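One file, entry.csv, carrying CSV, C-alpha atoms and all ligand atoms:
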```csv
chain,number,residue,atom,x,y,z
A,53,MET,CA,18.1,16.2,0.0
A,54,LYS,CA,15.6,13.3,-0.2
A,55,THR,CA,13.4,12.9,2.9
A,56,TRP,CA,10.6,10.7,4.0
A,57,ARG,CA,7.1,11.9,3.1
A,58,LYS,CA,4.2,10.1,4.8
A,59,GLY,CA,1.1,9.3,2.7
A,60,ASN,CA,-2.0,7.2,2.7
A,61,LEU,CA,-3.1,5.7,-0.6
A,62,HIS,CA,-6.6,4.4,0.2
A,63,THR,CA,-9.5,6.2,1.8
A,64,HIS,CA,-13.2,6.9,1.3
A,65,THR,CA,-15.4,10.0,1.7
A,66,THR,CA,-19.1,10.8,1.3
A,67,ASN,CA,-18.4,10.6,-2.5
A,68,SER,CA,-18.8,6.9,-2.0
A,69,ASP,CA,-19.3,5.0,1.3
A,70,GLY,CA,-17.3,7.1,3.7
A,71,ASP,CA,-19.0,8.9,6.6
A,72,ALA,CA,-17.3,12.3,6.1
A,73,PRO,CA,-17.0,14.8,3.2
A,74,PRO,CA,-13.6,15.1,1.4
A,75,GLU,CA,-12.7,18.4,3.2
A,76,HIS,CA,-13.1,16.7,6.6
A,77,VAL,CA,-11.1,13.6,5.5
A,78,ALA,CA,-8.3,15.7,4.1
A,79,GLY,CA,-8.3,17.8,7.3
A,80,TRP,CA,-7.9,14.6,9.4
A,81,TYR,CA,-4.7,13.7,7.5
A,82,GLU,CA,-3.4,17.2,7.6
A,83,GLU,CA,-3.8,17.3,11.4
A,84,HIS,CA,-2.1,13.9,11.8
A,85,GLY,CA,1.1,14.9,10.0
A,86,TYR,CA,0.6,13.3,6.6
A,87,ASP,CA,2.4,15.0,3.7
A,88,TRP,CA,0.1,13.6,1.0
A,89,LEU,CA,-3.1,11.7,0.5
A,90,CYS,CA,-5.0,9.8,-2.1
A,91,ILE,CA,-8.8,9.9,-1.8
A,92,SER,CA,-9.8,6.7,-3.5
A,93,ASP,CA,-13.6,6.6,-3.6
A,94,HIS,CA,-15.5,3.7,-5.2
A,95,ASN,CA,-15.9,4.5,-8.9
A,96,HIS,CA,-15.6,8.2,-8.3
A,97,LEU,CA,-12.6,10.5,-8.9
A,98,THR,CA,-12.7,13.0,-6.0
A,99,ILE,CA,-11.1,16.3,-7.1
A,100,PHE,CA,-11.1,19.4,-5.0
A,101,SER,CA,-11.9,22.6,-6.9
A,102,ASP,CA,-9.9,24.7,-4.4
A,103,VAL,CA,-6.8,22.4,-4.8
A,104,GLU,CA,-7.0,23.0,-8.6
A,105,ALA,CA,-7.1,26.7,-7.7
A,106,GLY,CA,-3.8,26.3,-5.8
A,107,SER,CA,-4.9,26.1,-2.2
A,108,ASN,CA,-2.4,24.4,0.2
A,109,LYS,CA,-4.6,23.9,3.2
A,110,TRP,CA,-4.7,20.1,2.7
A,111,PRO,CA,-1.9,17.5,2.3
A,112,LEU,CA,-0.8,17.1,-1.3
A,113,LEU,CA,-3.6,15.2,-3.1
A,114,VAL,CA,-2.9,12.4,-5.4
A,115,PRO,CA,-5.8,11.7,-7.8
A,116,GLY,CA,-7.2,8.2,-7.3
A,117,GLU,CA,-10.2,6.0,-7.7
A,118,GLU,CA,-11.0,2.5,-6.3
A,119,VAL,CA,-12.3,0.8,-9.4
A,120,THR,CA,-14.9,-1.4,-7.8
A,121,ALA,CA,-16.4,-4.5,-9.5
A,122,ASN,CA,-18.1,-7.7,-8.5
A,123,SER,CA,-17.4,-11.0,-10.1
A,124,ARG,CA,-19.8,-13.8,-9.0
A,125,ASP,CA,-20.5,-11.7,-5.9
A,126,LEU,CA,-16.8,-11.5,-5.1
A,127,PRO,CA,-15.3,-8.0,-4.6
A,128,VAL,CA,-12.6,-7.1,-7.2
A,129,HIS,CA,-11.3,-3.7,-6.1
A,130,ILE,CA,-8.3,-2.1,-7.9
A,131,ASN,CA,-7.0,1.3,-7.0
A,132,GLY,CA,-5.8,3.6,-9.8
A,133,TYR,CA,-3.2,6.3,-8.7
A,134,GLY,CA,-2.7,9.3,-10.9
A,135,VAL,CA,-5.5,8.5,-13.2
A,136,LYS,CA,-6.3,11.3,-15.6
A,137,HIS,CA,-10.0,10.6,-15.8
A,138,LEU,CA,-12.7,8.4,-14.3
A,139,VAL,CA,-12.4,4.7,-15.0
A,140,GLU,CA,-15.6,2.8,-15.6
A,141,PRO,CA,-15.5,-0.7,-13.9
A,142,PHE,CA,-15.7,-3.8,-16.0
A,143,GLU,CA,-17.4,-6.9,-14.6
A,144,SER,CA,-17.6,-10.5,-15.7
A,145,ASP,CA,-18.1,-13.9,-14.2
A,146,SER,CA,-14.3,-14.5,-14.4
A,147,VAL,CA,-12.4,-13.0,-11.5
A,148,THR,CA,-9.2,-13.1,-13.6
A,149,GLU,CA,-10.8,-11.4,-16.5
A,150,THR,CA,-12.3,-8.7,-14.2
A,151,LEU,CA,-8.9,-8.1,-12.6
A,152,GLN,CA,-7.1,-7.9,-16.0
A,153,GLU,CA,-9.6,-5.6,-17.7
A,154,ASN,CA,-9.8,-3.1,-14.8
A,155,VAL,CA,-6.0,-3.0,-14.5
A,156,ARG,CA,-5.8,-2.3,-18.3
A,157,ARG,CA,-8.4,0.5,-18.0
A,158,ILE,CA,-6.5,2.1,-15.2
A,159,VAL,CA,-3.2,2.0,-17.1
A,160,GLU,CA,-5.0,3.3,-20.2
A,161,ALA,CA,-6.2,6.3,-18.0
A,162,GLY,CA,-2.6,7.1,-17.2
A,163,GLY,CA,-2.7,5.5,-13.7
A,164,LEU,CA,-0.7,3.0,-11.7
A,165,ALA,CA,-2.8,0.0,-10.6
A,166,SER,CA,-2.9,-1.5,-7.1
A,167,ILE,CA,-4.5,-4.9,-6.3
A,168,ASN,CA,-6.5,-4.2,-3.1
A,169,HIS,CA,-7.3,-6.5,-0.1
A,170,PRO,CA,-7.1,-10.0,-1.9
A,171,ASN,CA,-8.5,-11.7,1.2
A,172,PHE,CA,-11.6,-9.5,1.6
A,173,LYS,CA,-14.4,-12.1,1.3
A,174,TRP,CA,-11.6,-14.4,0.2
A,175,ALA,CA,-12.1,-13.1,-3.3
A,176,PHE,CA,-9.0,-14.2,-5.1
A,177,SER,CA,-5.4,-15.4,-4.4
A,178,ALA,CA,-2.0,-15.7,-6.0
A,179,ASP,CA,-3.4,-18.2,-8.5
A,180,GLU,CA,-5.5,-15.5,-10.2
A,181,LEU,CA,-3.0,-12.7,-9.8
A,182,LEU,CA,-0.2,-14.8,-11.5
A,183,GLN,CA,-2.4,-14.7,-14.6
A,184,VAL,CA,-2.8,-10.9,-14.6
A,185,ASP,CA,-0.3,-8.4,-15.9
A,186,GLY,CA,0.3,-4.6,-15.6
A,187,TYR,CA,-0.4,-3.9,-12.0
A,188,ARG,CA,2.3,-2.2,-9.9
A,189,PHE,CA,1.2,-2.8,-6.3
A,190,LEU,CA,-0.4,-5.3,-3.9
A,191,GLU,CA,-1.9,-4.2,-0.6
A,192,VAL,CA,0.1,-6.2,1.9
A,193,TYR,CA,-1.6,-4.5,4.8
A,194,ASN,CA,-5.1,-2.8,4.8
A,195,GLY,CA,-6.6,-1.2,7.9
A,196,HIS,CA,-10.2,-2.3,7.3
A,197,PRO,CA,-11.3,-4.8,9.9
A,198,ALA,CA,-12.8,-7.3,7.4
A,199,VAL,CA,-9.9,-7.9,5.0
A,200,ASN,CA,-8.1,-10.9,6.6
A,201,ASN,CA,-4.6,-9.5,6.0
A,202,PHE,CA,-2.9,-12.4,7.8
A,203,GLY,CA,-4.7,-15.3,6.0
A,204,GLY,CA,-5.0,-18.5,7.9
A,205,GLY,CA,-7.2,-21.7,7.8
A,206,GLY,CA,-5.3,-22.8,4.7
A,207,THR,CA,-5.3,-19.4,2.9
A,208,LEU,CA,-2.1,-17.4,2.3
A,209,SER,CA,-1.6,-14.0,4.0
A,210,ALA,CA,-1.4,-10.9,1.7
A,211,GLU,CA,2.4,-10.9,2.4
A,212,GLU,CA,2.7,-14.6,1.4
A,213,ILE,CA,0.7,-13.8,-1.8
A,214,TRP,CA,3.2,-11.0,-2.4
A,215,ASP,CA,6.1,-13.5,-2.2
A,216,ARG,CA,4.4,-15.8,-4.7
A,217,LEU,CA,4.2,-12.9,-7.2
A,218,LEU,CA,7.7,-11.8,-6.6
A,219,SER,CA,9.0,-15.4,-6.9
A,220,ALA,CA,7.2,-15.8,-10.3
A,221,GLY,CA,9.2,-12.8,-11.7
A,222,LYS,CA,6.6,-10.0,-11.2
A,223,THR,CA,7.8,-6.5,-10.2
A,224,VAL,CA,5.2,-5.6,-7.6
A,225,TRP,CA,5.6,-3.2,-4.6
A,226,GLY,CA,3.9,-3.9,-1.3
A,227,LEU,CA,1.6,-1.2,0.2
A,228,ALA,CA,0.1,-0.6,3.7
A,229,VAL,CA,-3.0,1.6,3.5
A,230,ASP,CA,-5.9,2.7,5.7
A,231,ASP,CA,-9.0,2.0,3.5
A,232,ALA,CA,-10.7,4.2,6.1
A,233,HIS,CA,-14.5,4.8,5.9
A,234,HIS,CA,-15.2,6.1,9.5
A,235,TYR,CA,-14.0,9.6,10.5
A,236,THR,CA,-16.8,10.4,12.9
A,237,GLY,CA,-18.1,8.6,16.0
A,238,GLU,CA,-16.0,6.2,18.0
A,239,PHE,CA,-12.5,5.0,16.9
A,240,THR,CA,-12.5,1.3,17.7
A,241,ALA,CA,-10.8,-1.8,16.2
A,242,GLY,CA,-14.1,-3.0,14.7
A,243,ARG,CA,-14.6,0.2,12.7
A,244,SER,CA,-12.8,1.3,9.6
A,245,ASN,CA,-10.9,4.3,11.1
A,246,PRO,CA,-7.9,6.2,9.6
A,247,GLY,CA,-4.2,6.1,10.7
A,248,ARG,CA,-3.6,2.3,10.5
A,249,GLY,CA,-1.5,1.8,7.4
A,250,TRP,CA,0.7,4.2,5.3
A,251,VAL,CA,3.7,4.5,3.1
A,252,GLN,CA,6.8,6.7,3.5
A,253,THR,CA,8.0,7.8,0.1
A,254,ARG,CA,11.5,9.2,-0.2
A,255,THR,CA,11.6,12.3,-2.4
A,256,GLU,CA,13.5,15.6,-2.8
A,257,LYS,CA,10.4,17.7,-3.5
A,258,LEU,CA,6.8,17.3,-2.2
A,259,ASP,CA,4.8,17.5,-5.4
A,260,LEU,CA,2.7,15.2,-7.4
A,261,PRO,CA,5.2,14.1,-10.0
A,262,SER,CA,7.8,13.3,-7.2
A,263,VAL,CA,5.3,11.2,-5.2
A,264,LEU,CA,4.0,9.3,-8.2
A,265,GLU,CA,7.6,8.6,-9.4
A,266,ALA,CA,8.6,7.4,-5.9
A,267,ILE,CA,5.7,4.9,-5.6
A,268,ASP,CA,6.2,3.8,-9.2
A,269,GLN,CA,9.9,3.1,-8.6
A,270,GLY,CA,9.4,1.5,-5.2
A,271,GLU,CA,11.2,4.3,-3.4
A,272,PHE,CA,9.2,3.8,-0.2
A,273,TYR,CA,8.5,1.5,2.7
A,274,ALA,CA,5.1,0.5,4.0
A,275,SER,CA,4.2,0.5,7.7
A,276,ASN,CA,1.4,0.0,10.2
A,277,GLY,CA,3.4,1.5,13.1
A,278,VAL,CA,7.1,0.9,12.7
A,279,GLU,CA,9.2,3.9,11.7
A,280,ILE,CA,12.5,3.5,9.8
A,281,GLY,CA,15.1,6.3,9.7
A,282,ASP,CA,18.1,5.6,7.5
A,283,MET,CA,17.6,3.0,4.9
A,284,ALA,CA,19.4,1.8,1.8
A,285,VAL,CA,17.9,-0.8,-0.6
A,286,SER,CA,20.1,-1.6,-3.6
A,287,ALA,CA,21.8,-4.6,-5.3
A,288,LYS,CA,24.5,-4.3,-2.7
A,289,GLY,CA,21.9,-5.3,-0.1
A,290,ILE,CA,19.5,-3.8,2.4
A,291,THR,CA,20.5,-1.8,5.5
A,292,LEU,CA,18.0,0.0,7.8
A,293,GLU,CA,17.8,1.8,11.2
A,294,ILE,CA,14.6,1.6,13.2
A,295,GLU,CA,13.3,4.6,15.2
A,296,PRO,CA,11.9,2.9,18.4
A,297,GLU,CA,8.3,3.3,19.5
A,298,ASN,CA,7.3,4.0,23.1
A,299,GLY,CA,10.2,6.3,23.9
A,300,ASP,CA,12.2,5.7,27.1
A,301,MET,CA,9.2,4.5,29.1
A,302,SER,CA,9.2,1.0,27.8
A,303,PRO,CA,11.2,0.9,24.5
A,304,ALA,CA,10.0,-1.6,21.9
A,305,LYS,CA,12.3,-4.4,20.7
A,306,TYR,CA,12.7,-5.3,17.0
A,307,THR,CA,13.5,-8.2,14.8
A,308,THR,CA,14.1,-7.7,11.0
A,309,VAL,CA,13.4,-10.7,8.9
A,310,PHE,CA,15.0,-10.8,5.4
A,311,HIS,CA,13.0,-12.8,2.9
A,312,GLY,CA,13.9,-14.2,-0.5
A,313,LEU,CA,12.6,-16.6,-3.2
A,314,ASN,CA,9.3,-18.2,-2.1
A,315,GLY,CA,9.3,-16.1,1.1
A,316,GLN,CA,12.2,-18.2,2.5
A,317,ILE,CA,13.9,-16.6,5.5
A,318,LEU,CA,17.4,-15.6,4.5
A,319,ASP,CA,18.3,-14.0,7.9
A,320,SER,CA,16.8,-12.7,11.0
A,321,VAL,CA,18.4,-9.8,12.9
A,322,ASP,CA,17.6,-8.5,16.4
A,323,GLY,CA,18.0,-4.8,17.3
A,324,LEU,CA,17.6,-1.3,16.0
A,325,THR,CA,19.8,-1.8,13.0
A,326,ALA,CA,19.8,-4.6,10.5
A,327,SER,CA,21.5,-5.4,7.2
A,328,TYR,CA,21.7,-8.1,4.7
A,329,THR,CA,24.2,-8.7,1.9
A,330,PRO,CA,22.9,-10.8,-1.0
A,331,SER,CA,24.6,-14.1,-1.9
A,332,PRO,CA,25.0,-15.1,-5.6
A,333,SER,CA,22.0,-17.4,-5.4
A,334,ASP,CA,19.5,-14.8,-4.3
A,335,THR,CA,16.8,-13.8,-6.7
A,336,TYR,CA,15.2,-11.0,-4.6
A,337,VAL,CA,15.5,-9.8,-1.1
A,338,ARG,CA,13.1,-7.8,1.0
A,339,ALA,CA,12.8,-7.1,4.8
A,340,THR,CA,9.9,-7.2,7.2
A,341,VAL,CA,10.5,-5.4,10.5
A,342,HIS,CA,8.6,-6.9,13.5
A,343,SER,CA,8.1,-4.8,16.6
A,344,SER,CA,7.4,-6.2,20.1
A,345,THR,CA,4.2,-3.9,19.9
A,346,GLY,CA,2.9,-6.2,17.1
A,347,ASN,CA,3.5,-3.4,14.5
A,348,LEU,CA,5.3,-4.1,11.3
A,349,ALA,CA,7.1,-2.4,8.4
A,350,TRP,CA,7.9,-3.7,5.0
A,351,THR,CA,10.8,-2.6,2.7
A,352,GLN,CA,10.4,-3.0,-1.0
A,353,PRO,CA,12.3,-5.9,-2.6
A,354,VAL,CA,15.6,-5.5,-4.4
A,355,PHE,CA,15.9,-7.7,-7.5
A,356,LEU,CA,19.1,-9.5,-8.2
A,357,ASP,CA,17.9,-11.4,-11.3
A,358,GLY,CA,17.9,-8.4,-13.7
A,359,ARG,CA,14.2,-7.7,-13.8
A,360,GLY,CA,13.1,-4.0,-13.9
A,401,ZN,ZN,-12.1,-2.2,-1.5
A,402,ZN,ZN,-11.7,0.9,-0.2
```
Structure re-expressed in structure tokens:
Amino acid sequence: MKTWRKGNLHTHTTNSDGDAPPEHVAGWYEEHGYDWLCISDHNHLTIFSDVEAGSNKWPLLVPGEEVTANSRDLPVHINGYGVKHLVEPFESDSVTETLQENVRRIVEAGGLASINHPNFKWAFSADELLQVDGYRFLEVYNGHPAVNNFGGGGTLSAEEIWDRLLSAGKTVWGLAVDDAHHYTGEFTAGRSNPGRGWVQTRTEKLDLPSVLEAIDQGEFYASNGVEIGDMAVSAKGITLEIEPENGDMSPAKYTTVFHGLNGQILDSVDGLTASYTPSPSDTYVRATVHSSTGNLAWTQPVFLDGRG
């Protein structure tokens, strides 16, 4: 039977600018109930020799790298998941060219490419991403305090950028990730601590091919705190059940917002269950669950226009 498997796709260790060694970082995720983890150091492919030797003391480890480039001093960071070897970053004065060439190198290395934190230093937006092909994911939520997930001041949020890409015909899945750097010292909002953004993949087995296939196929939801139990996402529509936070003490309340072309709100449903049946005019449908705690979850879109 397929069950939810929790994983984080973006984190750093002392192999780049994180403050703890890979074993400590993997141990944190093991202790906090994660089933799998991608250590995505800057321009470094962190591999555990004891994992290769078959040890199971860590969560399942997905090979990854944050291919890290600068273009006119703007950060262009692209995660590669399942890469077979280290990818050397490409840099040029064109943000679009830097994005495209690094995506191409990740795909060439056998990986799936994710566009990270577009609003970090306001580096690029939908206009550049619409000109780039071959990436599979966009970070819709990143737990680092400096990434401006929600946009503002005239700039789109990461979620609005996602709708622009989906509306232009791209098949892009939305991720929530930690991008954690700080595993020691204080855990405070201003530091880059773990446990803030994750995905729940739905797989039968917990092994590397199953997790990579689930993320490639969009068989997951993204969250920064909301938990979903039963969920069905297909051409027939989206239905989901929310597992409430805060227990009986002060149970949270929920609104599920269904979005379509250009991010337009198709429907908004209050309560612990929500469903939407597409109409013939819908191009794609996806849901964002809003909790009274401020937490969110994002389902992946279902496409009704025949795109793969
Ligand atoms: Zn980054
Ligand atoms: Zn990072």
Given the choices A:Val192, A:Ala232, A:Val341, A:Val139, which gets closest to ligand ZN 402 (chain A) if the distance is worked out from only C-alpha atoms and all ligand atoms?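 Residue with the minimum atom-to-atom distance to ligand ZN 402 (chain A): A:Ala232.
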Identify, counting all atoms listed in the file, the protein, DNA and RNA residues located within 7 Å of ligand ZN 401 (chain A), and give them as a list in words.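 Checking all atoms listed in the file against ligand ZN 401 (chain A) at 7 Å gives Glu118, Thr120, His129, Asn168 and His169 of chain A.
Taking atom CA of A:His94 as the reference point, atom CA of A:Glu117 is found at 6.3 Å.
Interatomic distance, atom CA of A:Asn171 to atom CA of A:His62: 16.2 Å.
Distances from A:Asn347, A:Trp88, A:Leu292, A:Leu181 to A:Leu264 were compared using all atoms listed in the file, and the smallest one belongs to A:Trp88.
When atom CA of A:Leu260 is paired with atom CA of A:Leu112, their separation reads 7.3 Å.
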Looking at all atoms listed in the file, which of A:His137, A:Arg57, A:His64, A:Arg188 is the one that sits closest to A:Gly270?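 Checking each of A:His137, A:Arg57, A:His64, A:Arg188 against A:Gly270, counting all atoms listed in the file, the winner is A:Arg188.
Compared by their closest atoms to ligand ZN 402 (chain A), and using only C-alpha atoms and all ligand atoms, the residues A:Gly315, A:Gly289, A:Gly70, A:Gly247 rank with A:Gly70 nearest.
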Could you check which of A:Gln352, A:Thr329, A:Thr65, A:Asn245 is closest to A:Asp215, using only C-alpha atoms? A:Gln352
Within 12 Å of A:Ala161, counting only C-alpha atoms, which residues qualify if same-chain residues fewer than 4 places away don't, as a CSV table (one decimal) with C-alpha atoms, in the coordinates of the input?
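And here is the file that came out, result_24.csv:
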```csv
chain,number,residue,atom,x,y,z
A,97,LEU,CA,-12.6,10.5,-8.9
A,115,PRO,CA,-5.8,11.7,-7.8
A,116,GLY,CA,-7.2,8.2,-7.3
A,117,GLU,CA,-10.2,6.0,-7.7
A,119,VAL,CA,-12.3,0.8,-9.4
A,132,GLY,CA,-5.8,3.6,-9.8
A,133,TYR,CA,-3.2,6.3,-8.7
A,134,GLY,CA,-2.7,9.3,-10.9
A,135,VAL,CA,-5.5,8.5,-13.2
A,136,LYS,CA,-6.3,11.3,-15.6
A,137,HIS,CA,-10.0,10.6,-15.8
A,138,LEU,CA,-12.7,8.4,-14.3
A,139,VAL,CA,-12.4,4.7,-15.0
A,140,GLU,CA,-15.6,2.8,-15.6
A,154,ASN,CA,-9.8,-3.1,-14.8
A,155,VAL,CA,-6.0,-3.0,-14.5
A,156,ARG,CA,-5.8,-2.3,-18.3
A,157,ARG,CA,-8.4,0.5,-18.0
A,165,ALA,CA,-2.8,0.0,-10.6
```
So that I can see what lies close to A:Thr308, please list as a ChimeraX atom specification the residues with an atom at most 6 Å from it, counting all atoms listed in the file and leaving out residues fewer than 2 positions away in the same chain. /A:320-321,340-341
May I have the residues within 12 Å of A:Ala220 as a PyMOL selection string, using all atoms listed in the file and disregarding those fewer than 5 positions away in the same chain? chain A and resi 178-179+181-185+213-215+312-315+335-336+357+359
Pick out the residues sitting within 10 Å of stretch 277-281 of chain A, and hand them over as number ranges by chain; count only C-alpha atoms, and ignore anything fewer than 2 positions along from it in its own chain. A: 55-56, 247-250, 252, 273-275, 283, 292-297, 304, 306, 324-325, 341-343, 345-351
Taking only C-alpha atoms into account, which of A:Thr291, A:Gly360, A:Arg254, A:Ser219 comes nearest A:Asp334? A:Ser219
Give me the residues within 10 Å of A:Gly85 as a PyMOL selection string, counting only C-alpha atoms and dropping any in the same chain fewer than 6 places off. chain A and resi 57-59+111
I need the chosen residues saved as an mmCIF file, in the frame of the given file, with C-alpha atoms.
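See part-v3.cif below for the written result:
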```
data_model
loop_
_atom_site.group_PDB
_atom_site.id
_atom_site.type_symbol
_atom_site.label_atom_id
_atom_site.label_comp_id
_atom_site.auth_asym_id
_atom_site.auth_seq_id
_atom_site.Cartn_x
_atom_site.Cartn_y
_atom_site.Cartn_z
ATOM 1 C CA ARG A 57 7.100 11.900 3.100
ATOM 2 C CA LYS A 58 4.200 10.100 4.800
ATOM 3 C CA GLY A 59 1.100 9.300 2.700
ATOM 4 C CA PRO A 111 -1.900 17.500 2.300
#
```
Using only C-alpha atoms, give me every residue within 8 Å of (1.6, 0.3, 0.0) in file coordinates, as an MDAnalysis selection string. chainID A and resid 61 189:193 225:229 250:251 273:274
